[in-house]
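Written out below as structure tokens is the structure these notes cover.
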Amino acid sequence: MRDQASNIGVVQAVAPAVLSATNTADPIDLLGFNAATVVINTGAIVSSGNFTATLQESEDGSTGWTDVAAAHLVGTLPATLEANSVYKQGYIGYRRYIRTVLTKNSGTSIAAGVTIVKGHPANAPVS
């Protein structure tokens, strides 16, 4: 087996919680990495909670946030997050910062968390 842990950075974007409103994660800095993967974990949905996940990018982490173009994504996220599921989507864009937005469309709530896995480091091993 080969070691993978020394070649990735892992950042919690959204702590696992019951979300009852739209959640916009803090910016994740990709400096020193050349790839990223978004991992979304969901749990229970209450009262038909309907949430959509979107990945956004920015050059400076504070302004100019835009949805990532499909050409800079690997894989797709579902139109609606389902209960008790895991989703992943790769980012191959060139902006320094990314963030997730979990948009509440209707219903009451969803239990969810988001992790960003940063890969292809400029310097390894990653601590």
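Chain lettering (A, B, ...) mirrors the order of the structure tokens, residue numbering begins at 1 for each chain separately, and ligand numbering begins at 1 in order of display.
Counting only C-alpha atoms, A:Val117 has the following residues at most 12 Å away, ignoring those fewer than 3 positions along the same chain: Gln4, Ala5, Asn7, Ile8, Gly9, Val10, Val11, Gln12, Ala13, Ile28, Asp29, Leu30, Phe33, Asn34, Ala35, Ala36, Thr37, Val38, Val39, Ile40, Lys88, Gln89, Gly90, Tyr91, Ile98, Val114, His120, Pro121 and Val126 of chain A.
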Q: Write down as a PyMOL selection string the residues belonging to stretch 39-126 of chain A that are assigned strand (DSSP E or B) by DSSP computed on the backbone.
A: chain A and resi 39-46+50-58+66-67+73-74+86-91+97-106+109-121
Q: Find, counting only C-alpha atoms, the residue in A:Leu19, A:Ala25, A:Ala79, A:Met1 that gets nearest to A:Ala53.
A: A:Ala79
Please identify all polymer residues within 10 Å of A:Ala83, counting only C-alpha atoms, omitting same-chain residues fewer than 5 positions from it, and present them as a CSV table (one decimal) with N, CA and C atoms, in the first residue's frame.
```csv
chain,number,residue,atom,x,y,z
A,41,ASN,N,-21.7,15.1,3.3
A,41,ASN,CA,-22.3,14.0,4.0
A,41,ASN,C,-23.7,14.5,4.5
A,42,THR,N,-24.7,13.7,4.3
A,42,THR,CA,-26.0,14.1,4.8
A,42,THR,C,-26.6,13.1,5.7
A,43,GLY,N,-27.5,13.5,6.6
A,43,GLY,CA,-28.2,12.6,7.5
A,43,GLY,C,-29.7,12.8,7.3
A,44,ALA,N,-30.4,12.9,8.4
A,44,ALA,CA,-31.9,13.0,8.3
A,44,ALA,C,-32.3,14.3,7.7
A,45,ILE,N,-33.5,14.2,7.0
A,45,ILE,CA,-34.2,15.3,6.5
A,45,ILE,C,-35.5,15.4,7.2
A,46,VAL,N,-35.9,16.7,7.6
A,46,VAL,CA,-37.1,16.9,8.4
A,46,VAL,C,-38.1,17.7,7.5
A,48,SER,N,-39.6,17.3,4.6
A,48,SER,CA,-39.2,17.4,3.2
A,48,SER,C,-38.2,18.5,2.9
A,49,GLY,N,-37.2,18.6,3.8
A,49,GLY,CA,-36.2,19.6,3.6
A,49,GLY,C,-35.5,19.5,2.2
A,110,ILE,N,-32.1,19.8,7.2
A,110,ILE,CA,-31.3,18.6,6.8
A,110,ILE,C,-30.1,18.6,7.7
A,111,ALA,N,-29.7,17.4,8.1
A,111,ALA,CA,-28.4,17.2,8.8
A,111,ALA,C,-27.3,17.0,7.7
A,112,ALA,N,-26.3,17.9,7.8
A,112,ALA,CA,-25.2,17.8,6.7
A,112,ALA,C,-23.9,18.4,7.3
```
Q: Please provide as number ranges by chain all residues within 8 Å of A:Thr54, with the sequence filter that same-chain residues fewer than 4 positions apart are discarded (counting only C-alpha atoms).
A: A: 67, 77, 100-103
Quick one: write out the picked residues with C-alpha atoms as a compact mmCIF listing (two decimals), in the first residue's frame?
```txt
# COMPACT_ATOMS: atom_id res chain seq x y z
CA ASP A 67 -20.49 29.62 -9.14
CA LEU A 77 -23.95 17.11 -7.47
CA THR A 100 -19.75 25.67 -0.62
CA VAL A 101 -23.27 27.01 -0.48
CA LEU A 102 -26.03 24.70 0.77
CA THR A 103 -29.21 26.47 -0.32
```
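Note that the spacing between atom CA of A:Ala70 and atom CA of A:Gln56 amounts to 11.2 Å.
If you measure from each of A:Ala122, A:Ala15, A:Phe51, A:Arg96 to A:Gly64 using only C-alpha atoms, the closest one turns out to be A:Arg96.
With only C-alpha atoms as the atoms that count, the residue of A:Asn50, A:Ile116, A:Ser127, A:Tyr94 with the shortest distance to A:Thr22 is A:Asn50.
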Q: With a distance cut-off of 12 Å and only C-alpha atoms, select the neighbouring residues of A:Ser47, excluding the residue or stretch itself and same-chain residues fewer than 5 positions from it, and output the selection as a ChimeraX atom specification.
A: /A:20,83,106-110
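Between A:Val14 and the residues A:Ser85, A:Asn123, A:Thr115, A:Ser58, the shortest atom-to-atom distance, using only C-alpha atoms, involves A:Thr115.
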